[in-house]
Amino acid sequence: MKIPAQTVLSDYASPLGRMLLAAVGDRLLGVWFDDQAHLPDLSTCARDAIRPVLQRAAEQLTQYFSGQRRTFDLPLTTVAGTPFQQAVWLALQDIPFGSTRSYGELAARIGKPAAVRAVGAAVGRNPLSIIVPCHRVIGASGNLTGYAGGLHRKTALLKLEGAL
């Protein structure tokens with residue numbers, strides 16, 4: 001994932017570990033655990049803890065983790081993704097709080113029922129963890145499968161939402 005040059009970052013201390021929040025202009029670009037898979041190179045990004053969208057993201061994440069928020073109301077951008085990835089990430093936003101969907105169901109939802117593996121790859125590269133709920137995607141048998149932030153976090157998020 002190529003990060004736009006004008007991307008700015010701030011840190012967020014979540015109950016599941018330190019997270020990095022990224023914005024371009026007034027839109028949220030990324031929410032990553034600092035040790036997750038597929039973390040883009042953020043070394044050239046400036047720090048900006050007072051960017052309003054980053055402050056709002058931190059506030060809404062705090063509300064989510066405390067059980068006071070089920071949906072997020074933030075301006076997002078997915079400019080760093082391919083059109084296929086963007087379609088998958090958009091479909092992820094339709095999975096309600098406390099629910100799960102299989103990779104196959106997600107593939108069918110975007111009109112690509114044979115693209116289950118490609119959907120899985122796109123889910124794994126979702127740059128907006130939690131906000132765009134990739135943790136709600138499970139295997140066809142109902143098993144918890146990969147999560148870029150680690151299965152222990154996926155389990156914790158699904159328990160928080162009452163989906164486990």
# chains A, B, ... in the order shown; residues from 1 in each chain; ligands from 1
$ select_by_dssp --residues "stretch 44-147 of chain A" --states "alpha helix (DSSP H)" --output "MDAnalysis selection string"
chainID A and resid 52:65 83:92 103:109 116:124
$ closest_atom_pairs --of "stretch 82-160 of chain A" --to "stretch 16-35 of chain A" --cutoff "7 Å" --atoms "only C-alpha atoms" --output "Markdown table"
| residue | atom | partner | partner_atom | distance |
| --- | --- | --- | --- | --- |
| A:Pro127 | CA | A:Gly30 | CA | 4.9 |
| A:Leu128 | CA | A:Val31 | CA | 4.6 |
| A:Ser129 | CA | A:Val31 | CA | 5.3 |
| A:Gly149 | CA | A:Phe33 | CA | 6.1 |
| A:Arg153 | CA | A:Leu16 | CA | 6.6 |
$ closest_residue --among "A:Gly162, A:Pro75, A:Pro83, A:Pro52" --to "A:Ser99" --atoms "only C-alpha atoms"
A:Gly162
$ residues_around --residues "A:Leu90" --least-positions-apart "4" --cutoff "8 Å" --atoms "only C-alpha atoms" --output "NGL selection string"
:A and (86 or 94 or 132)
$ write_last_selection --atoms "all heavy atoms" --output "short mmCIF file (atom, residue, chain, number, x, y, z; two decimals), in the first residue's frame"
data_model
loop_
_atom_site.label_atom_id
_atom_site.label_comp_id
_atom_site.auth_asym_id
_atom_site.auth_seq_id
_atom_site.Cartn_x
_atom_site.Cartn_y
_atom_site.Cartn_z
N GLN A 86 -11.18 -1.60 -2.68
CA GLN A 86 -12.15 -0.61 -2.23
C GLN A 86 -13.56 -1.20 -2.18
O GLN A 86 -14.32 -0.91 -1.25
CB GLN A 86 -12.11 0.63 -3.13
CG GLN A 86 -10.83 1.43 -2.96
CD GLN A 86 -10.74 2.60 -3.92
OE1 GLN A 86 -11.69 2.96 -4.59
NE2 GLN A 86 -9.57 3.22 -3.96
N ASP A 94 -20.90 -2.89 5.71
CA ASP A 94 -22.29 -3.31 5.82
C ASP A 94 -22.49 -4.44 6.83
O ASP A 94 -23.63 -4.86 7.06
CB ASP A 94 -22.82 -3.77 4.45
CG ASP A 94 -22.95 -2.61 3.47
OD1 ASP A 94 -23.12 -1.46 3.92
OD2 ASP A 94 -22.87 -2.87 2.25
N VAL A 132 -13.52 0.02 9.75
CA VAL A 132 -14.06 -0.82 8.68
C VAL A 132 -13.84 -2.25 9.20
O VAL A 132 -12.72 -2.73 9.24
CB VAL A 132 -13.33 -0.56 7.34
CG1 VAL A 132 -13.77 -1.56 6.28
CG2 VAL A 132 -13.59 0.88 6.87
#
$ residues_around --residues "A:Ser14" --least-positions-apart "6" --cutoff "8 Å" --atoms "only C-alpha atoms" --output "ChimeraX atom specification"
/A:61-62,65
$ residues_around --residues "A:Asn126" --least-positions-apart "2" --cutoff "9 Å" --atoms "only C-alpha atoms" --output "list of chain:residue names"
A:Gly30, A:His38, A:Gly81, A:Gln85, A:Gln86, A:Val88, A:Trp89, A:Ala121, A:Ala122, A:Val123, A:Gly124, A:Leu128, A:Ser129, A:Val132, A:Pro133, A:Cys134, A:Ala148
$ write_last_selection --atoms "N, CA and C atoms" --output "compact mmCIF listing (two decimals), in the first residue's frame"
# COMPACT_ATOMS: atom_id res chain seq x y z
N GLY A 30 -6.03 5.54 7.76
CA GLY A 30 -5.57 4.29 8.33
C GLY A 30 -5.73 4.21 9.83
N HIS A 38 1.05 -6.39 7.21
CA HIS A 38 0.72 -5.48 6.11
C HIS A 38 0.72 -4.00 6.53
N GLY A 81 -6.10 1.97 -1.91
CA GLY A 81 -6.49 0.64 -2.36
C GLY A 81 -6.84 0.58 -3.83
N GLN A 85 -10.10 -3.82 -3.98
CA GLN A 85 -9.97 -3.68 -2.53
C GLN A 85 -11.01 -2.70 -1.99
N GLN A 86 -11.18 -1.60 -2.68
CA GLN A 86 -12.15 -0.61 -2.23
C GLN A 86 -13.56 -1.20 -2.18
N VAL A 88 -14.34 -4.34 -1.64
CA VAL A 88 -14.37 -5.23 -0.48
C VAL A 88 -14.48 -4.41 0.81
N TRP A 89 -13.69 -3.35 0.92
CA TRP A 89 -13.71 -2.54 2.14
C TRP A 89 -15.06 -1.85 2.32
N ALA A 121 -7.60 -11.73 0.71
CA ALA A 121 -6.40 -10.89 0.63
C ALA A 121 -6.75 -9.42 0.83
N ALA A 122 -7.85 -8.98 0.23
CA ALA A 122 -8.27 -7.58 0.38
C ALA A 122 -8.67 -7.29 1.82
N VAL A 123 -9.38 -8.22 2.45
CA VAL A 123 -9.76 -8.05 3.86
C VAL A 123 -8.51 -7.90 4.72
N GLY A 124 -7.51 -8.73 4.45
CA GLY A 124 -6.27 -8.69 5.23
C GLY A 124 -5.49 -7.40 5.08
N LEU A 128 -8.18 0.27 7.58
CA LEU A 128 -8.97 0.97 8.59
C LEU A 128 -9.52 -0.02 9.63
N SER A 129 -8.61 -0.72 10.30
CA SER A 129 -9.00 -1.71 11.31
C SER A 129 -10.04 -1.16 12.26
N VAL A 132 -13.52 0.02 9.75
CA VAL A 132 -14.06 -0.82 8.68
C VAL A 132 -13.84 -2.25 9.20
N PRO A 133 -14.91 -2.90 9.66
CA PRO A 133 -14.80 -4.07 10.54
C PRO A 133 -14.38 -5.38 9.89
N CYS A 134 -13.13 -5.48 9.49
CA CYS A 134 -12.62 -6.72 8.91
C CYS A 134 -12.57 -7.85 9.93
N ALA A 148 -5.02 -9.47 10.44
CA ALA A 148 -3.71 -8.81 10.36
C ALA A 148 -3.24 -8.32 11.72
$ atom_distance --atom1 "atom CA of A:Val79" --atom2 "atom CA of A:Tyr12"
22.4 Å
$ atom_distance --atom1 "atom CA of A:Val8" --atom2 "atom CA of A:Arg47"
5.5 Å
$ closest_residue --among "A:Thr155, A:Thr7, A:Thr100, A:Gln93" --to "A:Asp41" --atoms "only C-alpha atoms"
A:Thr7
$ atom_distance --atom1 "atom CA of A:Tyr147" --atom2 "atom CA of A:Ala49"
27.2 Å
$ closest_residue --among "A:Leu158, A:Ala114, A:Leu9, A:Arg70" --to "A:Ile50" --atoms "only C-alpha atoms"
A:Leu9
